file work13.tsv (TSV, C-alpha atoms and all ligand atoms)
chain	number	residue	atom	x	y	z
A	1	SER	CA	-71.54	-12.73	-10.94
A	2	ALA	CA	-74.23	-15.01	-9.55
A	3	GLY	CA	-74.41	-16.91	-12.81
A	4	THR	CA	-70.75	-17.80	-12.70
A	5	GLU	CA	-70.86	-18.76	-9.03
A	6	ALA	CA	-73.68	-21.12	-9.78
A	7	ARG	CA	-71.52	-22.98	-12.26
A	8	ALA	CA	-69.55	-25.86	-10.82
A	9	GLU	CA	-65.88	-25.05	-10.27
A	10	GLY	CA	-65.04	-28.03	-12.44
A	11	GLY	CA	-67.11	-26.70	-15.31
A	12	ASP	CA	-65.34	-25.77	-18.53
A	13	ASP	CA	-65.95	-22.80	-20.71
A	14	THR	CA	-64.70	-21.80	-24.14
A	15	VAL	CA	-63.31	-18.29	-24.60
A	16	GLU	CA	-61.79	-17.09	-27.87
A	17	GLY	CA	-61.75	-20.72	-29.01
A	18	VAL	CA	-59.67	-21.74	-25.97
A	19	ARG	CA	-61.03	-24.30	-23.52
A	20	ILE	CA	-60.93	-22.88	-20.00
A	21	SER	CA	-60.90	-25.57	-17.34
A	22	SER	CA	-62.46	-24.89	-13.92
A	23	ALA	CA	-63.86	-21.67	-15.38
A	24	GLY	CA	-66.07	-21.15	-12.33
A	25	ARG	CA	-63.19	-21.26	-9.86
A	26	VAL	CA	-62.94	-18.04	-7.89
A	27	VAL	CA	-59.39	-16.72	-8.29
A	28	TYR	CA	-59.95	-13.33	-6.62
A	29	PRO	CA	-61.79	-14.10	-3.37
A	30	ASP	CA	-62.49	-10.48	-2.40
A	31	ALA	CA	-63.55	-9.28	-5.82
A	32	GLY	CA	-65.32	-12.58	-6.57
A	33	LEU	CA	-63.69	-12.87	-9.98
A	34	THR	CA	-63.47	-16.32	-11.54
A	35	LYS	CA	-60.90	-17.91	-13.84
A	36	GLY	CA	-63.46	-17.75	-16.65
A	37	GLU	CA	-63.93	-14.03	-16.08
A	38	VAL	CA	-60.17	-13.50	-16.17
A	39	ALA	CA	-60.12	-15.25	-19.56
A	40	GLN	CA	-63.04	-13.09	-20.73
A	41	HIS	CA	-61.18	-9.96	-19.65
A	42	TYR	CA	-58.21	-10.88	-21.84
A	43	ALA	CA	-60.52	-11.75	-24.74
A	44	ARG	CA	-62.25	-8.36	-24.39
A	45	VAL	CA	-59.13	-6.18	-24.13
A	46	GLY	CA	-57.09	-8.51	-26.35
A	47	GLU	CA	-56.78	-6.48	-29.56
A	48	ARG	CA	-56.10	-3.24	-27.66
A	49	MET	CA	-53.63	-4.88	-25.31
A	50	LEU	CA	-51.76	-6.57	-28.15
A	51	THR	CA	-50.97	-3.26	-29.84
A	52	HIS	CA	-48.71	-2.69	-26.82
A	53	ALA	CA	-47.95	-6.18	-25.51
A	54	GLY	CA	-48.01	-8.22	-28.70
A	55	ASP	CA	-44.84	-9.52	-30.35
A	56	ARG	CA	-42.64	-8.85	-27.29
A	57	PRO	CA	-40.87	-11.17	-24.90
A	58	LEU	CA	-43.17	-11.73	-21.93
A	59	SER	CA	-43.01	-12.84	-18.35
A	60	LEU	CA	-46.18	-14.34	-16.94
A	61	LEU	CA	-47.25	-14.10	-13.33
A	62	ARG	CA	-49.13	-17.33	-12.79
A	63	CYS	CA	-51.34	-18.07	-9.81
A	64	PRO	CA	-52.87	-21.47	-10.55
A	65	GLU	CA	-54.77	-21.52	-7.25
A	66	GLY	CA	-55.77	-17.87	-7.45
A	67	ILE	CA	-54.25	-14.97	-5.57
A	68	ALA	CA	-54.68	-16.68	-2.22
A	69	GLY	CA	-52.35	-19.46	-3.39
A	70	GLU	CA	-48.77	-19.51	-4.59
A	71	CYS	CA	-47.91	-17.20	-7.50
A	72	PHE	CA	-44.74	-17.35	-9.59
A	73	PHE	CA	-43.11	-15.44	-12.45
A	74	GLN	CA	-42.39	-17.48	-15.53
A	75	LYS	CA	-39.95	-16.21	-18.16
A	76	HIS	CA	-39.63	-19.28	-20.31
A	77	ALA	CA	-42.22	-21.46	-21.97
A	78	GLY	CA	-43.07	-24.66	-20.17
A	79	LYS	CA	-44.53	-28.03	-21.04
A	80	GLY	CA	-48.17	-28.05	-22.00
A	81	PHE	CA	-48.25	-24.46	-23.17
A	82	PRO	CA	-50.60	-23.86	-26.10
A	83	ASP	CA	-49.34	-23.15	-29.63
A	84	ALA	CA	-50.88	-19.67	-29.44
A	85	ILE	CA	-48.00	-18.76	-27.11
A	86	GLY	CA	-44.99	-18.48	-29.38
A	87	THR	CA	-41.38	-18.94	-28.37
A	88	LEU	CA	-38.32	-17.04	-29.45
A	89	PRO	CA	-34.71	-17.75	-28.59
A	90	ILE	CA	-32.84	-14.87	-26.95
A	91	GLU	CA	-29.21	-14.84	-25.94
A	92	GLU	CA	-28.84	-13.90	-22.28
A	93	LYS	CA	-25.98	-12.07	-20.54
A	94	ASP	CA	-24.19	-15.29	-19.66
A	95	GLY	CA	-24.15	-16.28	-23.33
A	96	GLU	CA	-26.79	-18.99	-22.89
A	97	THR	CA	-29.76	-18.90	-25.24
A	98	GLU	CA	-33.21	-19.31	-23.69
A	99	ASP	CA	-36.68	-19.53	-25.20
A	100	TYR	CA	-38.86	-16.58	-24.30
A	101	MET	CA	-42.61	-16.38	-24.82
A	102	TYR	CA	-44.63	-13.97	-26.93
A	103	VAL	CA	-48.21	-13.67	-28.09
A	104	THR	CA	-49.74	-12.14	-31.18
A	105	THR	CA	-53.43	-13.01	-30.79
A	106	PRO	CA	-56.18	-12.71	-28.16
A	107	ALA	CA	-56.18	-16.53	-28.11
A	108	GLY	CA	-52.56	-16.35	-26.91
A	109	LEU	CA	-53.55	-14.14	-23.99
A	110	VAL	CA	-56.52	-16.37	-23.19
A	111	GLY	CA	-54.34	-19.46	-23.50
A	112	ALA	CA	-52.03	-17.99	-20.89
A	113	ALA	CA	-55.05	-17.29	-18.66
A	114	GLN	CA	-56.01	-20.96	-19.03
A	115	MET	CA	-52.52	-21.75	-17.60
A	116	GLY	CA	-53.36	-19.65	-14.54
A	117	THR	CA	-51.77	-16.40	-15.74
A	118	LEU	CA	-53.14	-13.28	-14.07
A	119	GLU	CA	-50.46	-10.71	-14.99
A	120	PHE	CA	-48.52	-10.10	-18.22
A	121	HIS	CA	-45.15	-8.34	-18.04
A	122	ILE	CA	-43.39	-7.06	-21.12
A	123	TRP	CA	-39.93	-6.25	-22.35
A	124	GLY	CA	-39.21	-2.80	-23.72
A	125	SER	CA	-38.41	-4.12	-27.19
A	126	ARG	CA	-40.16	-6.10	-29.87
A	127	ARG	CA	-39.43	-9.47	-31.35
A	128	ASP	CA	-38.23	-8.21	-34.73
A	129	ARG	CA	-35.55	-5.91	-33.24
A	130	ILE	CA	-34.85	-7.14	-29.78
A	131	GLU	CA	-31.79	-4.88	-29.28
A	132	ARG	CA	-33.71	-1.66	-30.07
A	133	PRO	CA	-36.18	-0.67	-27.34
A	134	ASP	CA	-39.38	1.05	-28.44
A	135	ARG	CA	-40.50	2.11	-24.98
A	136	LEU	CA	-38.99	3.55	-21.87
A	137	VAL	CA	-40.74	3.50	-18.51
A	138	PHE	CA	-40.29	5.29	-15.23
A	139	ASP	CA	-41.88	3.20	-12.52
A	140	ILE	CA	-42.94	5.50	-9.68
A	141	ASP	CA	-42.71	3.55	-6.44
A	142	PRO	CA	-43.87	5.50	-3.37
A	143	ASP	CA	-42.94	4.67	0.19
A	144	GLU	CA	-45.81	3.26	2.25
A	145	GLY	CA	-48.35	5.82	3.31
A	146	LEU	CA	-47.55	8.52	0.74
A	147	ASP	CA	-50.59	10.29	-0.63
A	148	PHE	CA	-51.65	9.58	-4.20
A	149	ALA	CA	-51.41	13.34	-4.83
A	150	GLU	CA	-47.69	13.08	-4.11
A	151	ILE	CA	-47.38	10.22	-6.62
A	152	ARG	CA	-49.26	12.25	-9.23
A	153	ARG	CA	-46.93	15.15	-8.60
A	154	ALA	CA	-43.91	12.92	-9.18
A	155	ALA	CA	-45.45	11.74	-12.47
A	156	SER	CA	-46.11	15.30	-13.54
A	157	GLU	CA	-42.55	16.42	-12.76
A	158	ILE	CA	-41.18	13.47	-14.72
A	159	ARG	CA	-43.41	14.51	-17.60
A	160	GLN	CA	-42.06	18.07	-17.47
A	161	GLY	CA	-38.46	16.87	-17.52
A	162	LEU	CA	-39.19	14.53	-20.41
A	163	ASP	CA	-40.90	17.35	-22.29
A	164	ALA	CA	-37.78	19.45	-21.79
A	165	CYS	CA	-35.86	16.62	-23.45
A	166	GLY	CA	-38.34	16.51	-26.34
A	167	LEU	CA	-39.95	13.24	-25.26
A	168	PRO	CA	-43.75	13.02	-24.95
A	169	SER	CA	-45.01	10.55	-22.34
A	170	VAL	CA	-48.19	8.86	-21.10
A	171	PRO	CA	-49.10	7.89	-17.53
A	172	MET	CA	-50.46	4.49	-16.64
A	173	VAL	CA	-51.99	3.66	-13.27
A	174	THR	CA	-50.53	0.27	-12.47
A	175	GLY	CA	-53.45	-1.33	-10.67
A	176	GLY	CA	-51.15	-1.43	-7.65
A	177	LYS	CA	-49.78	1.57	-5.77
A	178	GLY	CA	-48.02	3.69	-8.33
A	179	ILE	CA	-47.88	5.13	-11.80
A	180	HIS	CA	-45.71	4.19	-14.77
A	181	VAL	CA	-44.69	7.09	-17.01
A	182	ILE	CA	-44.31	5.52	-20.43
A	183	VAL	CA	-42.29	7.01	-23.29
A	184	PRO	CA	-42.95	5.37	-26.67
A	185	LEU	CA	-39.67	5.42	-28.61
A	186	ARG	CA	-38.57	5.34	-32.19
A	187	ARG	CA	-36.06	2.55	-32.44
A	188	ILE	CA	-32.93	4.51	-33.24
A	189	SER	CA	-30.77	3.49	-30.26
A	190	GLY	CA	-29.85	0.44	-28.24
A	191	TRP	CA	-30.30	-0.62	-24.63
A	192	ASP	CA	-27.15	1.13	-23.40
A	193	THR	CA	-28.36	4.53	-24.58
A	194	VAL	CA	-31.89	4.05	-23.25
A	195	LYS	CA	-30.65	2.81	-19.89
A	196	PHE	CA	-28.14	5.65	-19.67
A	197	PHE	CA	-30.89	8.17	-20.37
A	198	ALA	CA	-33.24	6.62	-17.78
A	199	ARG	CA	-30.59	6.41	-15.07
A	200	THR	CA	-29.29	9.91	-15.67
A	201	PHE	CA	-32.80	11.36	-15.72
A	202	ALA	CA	-33.85	9.66	-12.46
A	203	THR	CA	-30.57	10.61	-10.79
A	204	ILE	CA	-31.02	14.27	-11.71
A	205	MET	CA	-34.57	14.24	-10.28
A	206	ALA	CA	-33.25	12.80	-7.00
A	207	GLU	CA	-30.30	15.24	-6.82
A	208	ARG	CA	-32.58	18.21	-7.38
A	209	ASP	CA	-35.19	17.23	-4.84
A	210	PRO	CA	-33.57	14.78	-2.42
A	211	ASP	CA	-36.33	15.21	0.15
A	212	ARG	CA	-38.88	13.81	-2.25
A	213	TYR	CA	-37.10	11.50	-4.69
A	214	VAL	CA	-34.62	8.66	-4.64
A	215	ALA	CA	-33.12	6.92	-7.64
A	216	THR	CA	-31.73	3.90	-5.82
A	217	MET	CA	-33.55	0.77	-4.75
A	218	SER	CA	-32.58	1.03	-1.06
A	219	LYS	CA	-35.69	0.77	1.12
A	220	ALA	CA	-34.01	2.69	3.93
A	221	ARG	CA	-33.46	5.75	1.74
A	222	ARG	CA	-37.00	5.63	0.46
A	223	LYS	CA	-38.44	6.69	3.83
A	224	GLY	CA	-41.26	9.13	3.07
A	225	ARG	CA	-40.00	9.48	-0.50
A	226	VAL	CA	-40.78	8.32	-4.00
A	227	PHE	CA	-38.42	5.88	-5.68
A	228	ILE	CA	-38.10	6.65	-9.38
A	229	ASP	CA	-37.41	3.14	-10.56
A	230	TRP	CA	-35.50	3.48	-13.84
A	231	LEU	CA	-34.29	-0.13	-13.72
A	232	ARG	CA	-37.22	-1.31	-15.86
A	233	ASN	CA	-35.14	-0.08	-18.82
A	234	GLU	CA	-32.48	-2.73	-18.91
A	235	ARG	CA	-32.36	-5.46	-21.50
A	236	GLY	CA	-34.36	-8.32	-19.99
A	237	ALA	CA	-36.26	-6.19	-17.47
A	238	THR	CA	-40.03	-6.04	-17.64
A	239	ALA	CA	-42.92	-3.82	-16.68
A	240	VAL	CA	-46.54	-4.77	-16.30
A	241	ALA	CA	-48.40	-4.60	-19.62
A	242	PRO	CA	-51.14	-2.06	-20.29
A	243	TYR	CA	-54.57	-3.66	-19.61
A	244	SER	CA	-53.07	-6.49	-17.57
A	245	LEU	CA	-55.01	-7.55	-14.49
A	246	ARG	CA	-53.03	-7.44	-11.25
A	247	ALA	CA	-52.75	-10.35	-8.84
A	248	ARG	CA	-53.82	-8.16	-5.94
A	249	LYS	CA	-56.90	-8.18	-3.75
A	250	SER	CA	-58.71	-5.42	-5.61
A	251	ALA	CA	-58.49	-7.26	-8.98
A	252	ALA	CA	-57.48	-3.95	-10.54
A	253	VAL	CA	-56.29	-3.47	-14.12
A	254	ALA	CA	-53.27	-1.44	-15.31
A	255	VAL	CA	-54.74	1.38	-17.41
A	256	PRO	CA	-53.06	4.10	-19.52
A	257	VAL	CA	-54.79	7.47	-19.01
A	258	THR	CA	-54.37	10.97	-20.36
A	259	TRP	CA	-52.47	13.55	-18.30
A	260	ASP	CA	-55.71	15.47	-17.80
A	261	GLU	CA	-57.52	12.40	-16.56
A	262	LEU	CA	-54.71	11.55	-14.16
A	263	ASP	CA	-55.46	14.77	-12.27
A	264	THR	CA	-58.94	13.44	-11.52
A	265	LEU	CA	-57.81	10.06	-10.14
A	266	ASP	CA	-57.21	9.40	-6.48
A	267	ARG	CA	-55.76	5.90	-6.65
A	268	ALA	CA	-53.76	3.59	-8.89
A	269	ASP	CA	-56.07	0.60	-8.46
A	270	GLY	CA	-59.37	2.21	-9.34
A	271	PHE	CA	-60.03	0.43	-12.64
A	272	GLY	CA	-61.42	-3.10	-12.80
A	273	VAL	CA	-62.65	-5.47	-15.49
A	274	ALA	CA	-66.07	-3.77	-15.40
A	275	ASP	CA	-64.48	-0.52	-16.62
A	276	MET	CA	-62.99	-2.03	-19.77
A	277	GLU	CA	-65.97	-1.47	-22.04
A	278	ASP	CA	-65.75	2.24	-21.30
A	279	ARG	CA	-61.96	2.30	-21.77
A	280	LEU	CA	-62.24	0.49	-25.10
A	281	SER	CA	-64.79	3.03	-26.31
A	282	ARG	CA	-62.08	5.72	-26.03
A	283	ASP	CA	-58.81	5.89	-27.88
A	284	CYS	CA	-55.84	4.50	-26.00
A	285	PRO	CA	-53.72	7.45	-24.77
A	286	LEU	CA	-50.59	5.50	-25.74
A	287	ASP	CA	-51.65	5.61	-29.39
A	288	ALA	CA	-51.92	9.40	-29.39
A	289	VAL	CA	-48.20	9.89	-28.79
A	290	ASP	CA	-45.72	10.79	-31.46
A	291	ALA	CA	-42.79	8.52	-30.62
A	292	LYS	CA	-39.33	10.13	-30.63
A	293	GLY	CA	-35.96	8.48	-30.62
A	294	ILE	CA	-33.21	8.95	-28.04
A	295	GLY	CA	-30.44	10.39	-30.16
A	296	ASP	CA	-27.87	13.19	-29.84
A	297	THR	CA	-30.53	15.92	-29.70
A	298	VAL	CA	-32.31	14.32	-26.73
A	299	VAL	CA	-29.07	13.61	-24.90
A	300	SER	CA	-27.90	17.21	-25.25
A	301	ALA	CA	-31.36	18.43	-24.16
A	302	LEU	CA	-30.95	16.20	-21.09
A	303	GLU	CA	-27.63	17.91	-20.35
A	304	ASP	CA	-29.25	21.35	-20.68
A	305	TRP	CA	-32.13	20.28	-18.45
A	306	SER	CA	-29.72	18.94	-15.81
A	307	ARG	CA	-28.03	22.37	-15.62
A	308	GLY	CA	-31.31	24.32	-15.66
B	1	LIG	P1	-46.86	-0.78	-8.17
B	1	LIG	O1	-47.52	0.41	-8.80
B	1	LIG	O2	-47.67	-1.30	-7.03
B	1	LIG	O3	-45.43	-0.53	-7.81
B	1	LIG	P2	-45.68	-2.31	-10.27
B	1	LIG	O4	-46.17	-3.18	-11.35
B	1	LIG	O5	-44.97	-1.08	-10.69
B	1	LIG	O6	-46.90	-1.92	-9.31
B	1	LIG	P3	-43.18	-3.06	-8.98
B	1	LIG	O7	-42.94	-3.93	-7.80
B	1	LIG	O8	-42.79	-1.64	-8.88
B	1	LIG	O9	-44.76	-3.21	-9.32
B	1	LIG	O10	-42.47	-3.73	-10.18
B	1	LIG	C1	-42.26	-3.05	-11.39
B	1	LIG	C2	-42.12	-4.06	-12.49
B	1	LIG	O11	-40.97	-4.86	-12.27
B	1	LIG	C3	-43.28	-5.05	-12.50
B	1	LIG	O12	-44.38	-4.54	-13.26
B	1	LIG	C4	-42.64	-6.28	-13.09
B	1	LIG	O13	-42.71	-6.29	-14.50
B	1	LIG	C5	-41.20	-6.20	-12.64
B	1	LIG	N1	-40.98	-7.10	-11.51
B	1	LIG	C6	-41.12	-6.80	-10.21
B	1	LIG	N2	-40.85	-7.87	-9.43
B	1	LIG	C7	-40.53	-8.87	-10.27
B	1	LIG	C8	-40.14	-10.24	-10.09
B	1	LIG	N3	-40.03	-10.80	-8.89
B	1	LIG	N4	-39.88	-10.97	-11.19
B	1	LIG	C9	-39.99	-10.43	-12.41
B	1	LIG	N5	-40.36	-9.15	-12.64
B	1	LIG	C10	-40.62	-8.38	-11.60
B	2	MN	MN	-43.97	0.16	-9.34
B	3	MN	MN	-40.52	-0.89	-9.08

call {"tool": "encode", "arguments": {"input": "work13.tsv", "output": "structure tokens"}}
result
Amino acid sequence: SAGTEARAEGGDDTVEGVRISSAGRVVYPDAGLTKGEVAQHYARVGERMLTHAGDRPLSLLRCPEGIAGECFFQKHAGKGFPDAIGTLPIEEKDGETEDYMYVTTPAGLVGAAQMGTLEFHIWGSRRDRIERPDRLVFDIDPDEGLDFAEIRRAASEIRQGLDACGLPSVPMVTGGKGIHVIVPLRRISGWDTVKFFARTFATIMAERDPDRYVATMSKARRKGRVFIDWLRNERGATAVAPYSLRARKSAAVAVPVTWDELDTLDRADGFGVADMEDRLSRDCPLDAVDAKGIGDTVVSALEDWSRG
């Protein structure tokens, strides 16, 4: 906005009790969004976002010079991080223990924005039971040039398959190119089971319709197809958090929508910070879902579905 542009780049601002340095610095040149406005976005969506992103290990995508500068993922807390960003030790595959970050308050999100964070990425499990995922996500990654209608169709077919397995799901437009189909889970099984389910499900989709879907990362095989990226469901993997801004030109926000609303959308990066007031006035579609666990019943339903 003109008011923010008028403020000196060096000017500070206070958001959610957090001092934001260089609040007037433009971090999204095309959209004209400033660092202060990024902080305000996280203050505004904070409570809503934390119901999904709070109390989980996080990775931060930091772009201290804005999206035109260098950006980097950060998995572990660094020097000078505010107290509002908590740390929790997690044992990694190699047996080493590392401190991961988590937030529980809007001030934590804003504090990360003060450190140049634009995107928040979350684990599929929460801090109190790190070995029991409470969400599963299929990350729909289209090849360049595929129509959004084709991406919507992929999401809808994933939904149907999940329904057949007894698992309700919610779509989220990522603010980038694709859609994440999110399955809130009851925490009755561990990472191995959830990963097995995700891999098997994506593989069946690709075997049934090999002209449209692939379940492997290979770029060559993706040609004209949709990659159903199930690899977000491994211990330690992340997916972009609901209501996170994206470090992309459009300054879009990742937004969960209802299945009906998805039919009306023609792009994944159509929501920006200016749409948040409207989104917050509606219930979050993720909260409307009755979470189910992946147990024997779901696994045998998956087997039936794979034969059907
Ligand atoms: P799009 O809809 O444009 O694909 P996306 O968020 O799904 O947006 P992907 O590249 O498909 O982007 O990545 C999926 C998820 O994998 C990301 O949201 C992120 O959490 C994680 N991820 C991707 N690349 C990295 C990376 N270099 N380091 C850490 N995590 C990553
Ligand atoms: Mn993706
Ligand atoms: Mn992906």

call {"tool": "closest_residue", "arguments": {"input": "work13.tsv", "among": "A:Ala154, A:Ala254, A:Ala84, A:Val214", "to": "ligand LIG 1 (chain B)", "atoms": "all atoms listed in the file"}}
result
A:Ala254

call {"tool": "closest_atom_pairs", "arguments": {"input": "work13.tsv", "of": "chain A", "to": "ligand MN 2 (chain B)", "cutoff": "10 Å", "atoms": "all atoms listed in the file", "output": "Markdown table"}}
result
| residue | atom | partner | partner_atom | distance |
| --- | --- | --- | --- | --- |
| A:Phe138 | CA | B:MN2 | MN | 8.6 |
| A:Asp139 | CA | B:MN2 | MN | 4.9 |
| A:Ile140 | CA | B:MN2 | MN | 5.4 |
| A:Asp141 | CA | B:MN2 | MN | 4.6 |
| A:Pro142 | CA | B:MN2 | MN | 8.0 |
| A:Val173 | CA | B:MN2 | MN | 9.6 |
| A:Thr174 | CA | B:MN2 | MN | 7.3 |
| A:Gly175 | CA | B:MN2 | MN | 9.7 |
| A:Gly176 | CA | B:MN2 | MN | 7.5 |
| A:Lys177 | CA | B:MN2 | MN | 7.0 |
| A:Gly178 | CA | B:MN2 | MN | 5.5 |
| A:Ile179 | CA | B:MN2 | MN | 6.8 |
| A:His180 | CA | B:MN2 | MN | 7.0 |
| A:Phe227 | CA | B:MN2 | MN | 8.8 |
| A:Ile228 | CA | B:MN2 | MN | 8.8 |
| A:Asp229 | CA | B:MN2 | MN | 7.3 |
| A:Arg232 | CA | B:MN2 | MN | 9.5 |
| A:Ala239 | CA | B:MN2 | MN | 8.4 |
| A:Val240 | CA | B:MN2 | MN | 8.9 |

call {"tool": "axis_aligned_box", "arguments": {"input": "work13.tsv", "around": "ligand LIG 1 (chain B)", "padding_each_side": "6 Å", "output": "JSON"}}
result
{"center_x": -43.8, "center_y": -5.3, "center_z": -10.8, "size_x": 19.8, "size_y": 23.4, "size_z": 19.5}

call {"tool": "residues_around", "arguments": {"input": "work13.tsv", "residues": "Ala164 of chain A", "least_positions_apart": "5", "cutoff": "8 Å", "atoms": "all atoms listed in the file", "output": "ChimeraX atom specification"}}
result
/A:301-302,305

call {"tool": "closest_residue", "arguments": {"input": "work13.tsv", "among": "A:Glu91, A:Glu144, A:Asp278, A:Glu157", "to": "ligand LIG 1 (chain B)", "atoms": "all atoms listed in the file"}}
result
A:Glu144

call {"tool": "residues_near_point", "arguments": {"input": "work13.tsv", "point": "(-61.0, -7.3, -3.6)", "cutoff": "6 Å", "atoms": "all atoms listed in the file", "output": "CSV table (one decimal) with C-alpha atoms, in the coordinates of the input"}}
result
chain,number,residue,atom,x,y,z
A,30,ASP,CA,-62.5,-10.5,-2.4
A,31,ALA,CA,-63.6,-9.3,-5.8
A,249,LYS,CA,-56.9,-8.2,-3.8
A,250,SER,CA,-58.7,-5.4,-5.6
A,251,ALA,CA,-58.5,-7.3,-9.0

call {"tool": "residues_near_point", "arguments": {"input": "work13.tsv", "point": "(-49.6, -1.7, -18.5)", "cutoff": "7 Å", "atoms": "all atoms listed in the file", "output": "PDB file with C-alpha atoms, in the frame of the given file"}}
result
ATOM      1  CA  MET A 172     -50.460   4.490 -16.640  1.00  0.00           C
ATOM      2  CA  THR A 174     -50.530   0.270 -12.470  1.00  0.00           C
ATOM      3  CA  VAL A 240     -46.540  -4.770 -16.300  1.00  0.00           C
ATOM      4  CA  ALA A 241     -48.400  -4.600 -19.620  1.00  0.00           C
ATOM      5  CA  PRO A 242     -51.140  -2.060 -20.290  1.00  0.00           C
ATOM      6  CA  TYR A 243     -54.570  -3.660 -19.610  1.00  0.00           C
ATOM      7  CA  SER A 244     -53.070  -6.490 -17.570  1.00  0.00           C
ATOM      8  CA  ALA A 254     -53.270  -1.440 -15.310  1.00  0.00           C
ATOM      9  CA  VAL A 255     -54.740   1.380 -17.410  1.00  0.00           C
ATOM     10  CA  PRO A 256     -53.060   4.100 -19.520  1.00  0.00           C
TER      11      PRO A 256
END

call {"tool": "residues_around", "arguments": {"input": "work13.tsv", "residues": "segment 17-23 of chain A", "least_positions_apart": "6", "cutoff": "7 Å", "atoms": "all atoms listed in the file", "output": "ChimeraX atom specification"}}
result
/A:9-11,34-36,107,110-111,114

call {"tool": "closest_residue", "arguments": {"input": "work13.tsv", "among": "A:Cys63, A:Leu118, A:Ile294, A:Ile204", "to": "Trp191 of chain A", "atoms": "only C-alpha atoms"}}
result
A:Ile294

call {"tool": "closest_residue", "arguments": {"input": "work13.tsv", "among": "A:Val194, A:Leu231, A:Arg212, A:Thr200", "to": "ligand MN 3 (chain B)", "atoms": "only C-alpha atoms and all ligand atoms"}}
result
A:Leu231

call {"tool": "atom_distance", "arguments": {"input": "work13.tsv", "atom1": "atom O5 of ligand LIG 1 (chain B)", "atom2": "atom CA of Trp230 of chain A"}}
result
11.0 Å

call {"tool": "residues_around", "arguments": {"input": "work13.tsv", "residues": "Asp134 of chain A", "least_positions_apart": "5", "cutoff": "9 Å", "atoms": "all atoms listed in the file", "output": "PyMOL selection string"}}
result
chain A and resi 124-126+183-188+291+293

call {"tool": "write_last_selection", "arguments": {"input": "work13.tsv", "atoms": "C-alpha atoms", "output": "CSV table (one decimal), in the coordinates of the input"}}
result
chain,number,residue,atom,x,y,z
A,124,GLY,CA,-39.2,-2.8,-23.7
A,125,SER,CA,-38.4,-4.1,-27.2
A,126,ARG,CA,-40.2,-6.1,-29.9
A,183,VAL,CA,-42.3,7.0,-23.3
A,184,PRO,CA,-43.0,5.4,-26.7
A,185,LEU,CA,-39.7,5.4,-28.6
A,186,ARG,CA,-38.6,5.3,-32.2
A,187,ARG,CA,-36.1,2.6,-32.4
A,188,ILE,CA,-32.9,4.5,-33.2
A,291,ALA,CA,-42.8,8.5,-30.6
A,293,GLY,CA,-36.0,8.5,-30.6

call {"tool": "atom_distance", "arguments": {"input": "work13.tsv", "atom1": "atom P2 of ligand LIG 1 (chain B)", "atom2": "atom CA of Arg208 of chain A"}}
result
24.5 Å

call {"tool": "closest_residue", "arguments": {"input": "work13.tsv", "among": "A:Asp99, A:Glu70, A:Asp143, A:Asp83", "to": "ligand LIG 1 (chain B)", "atoms": "all atoms listed in the file"}}
result
A:Asp143
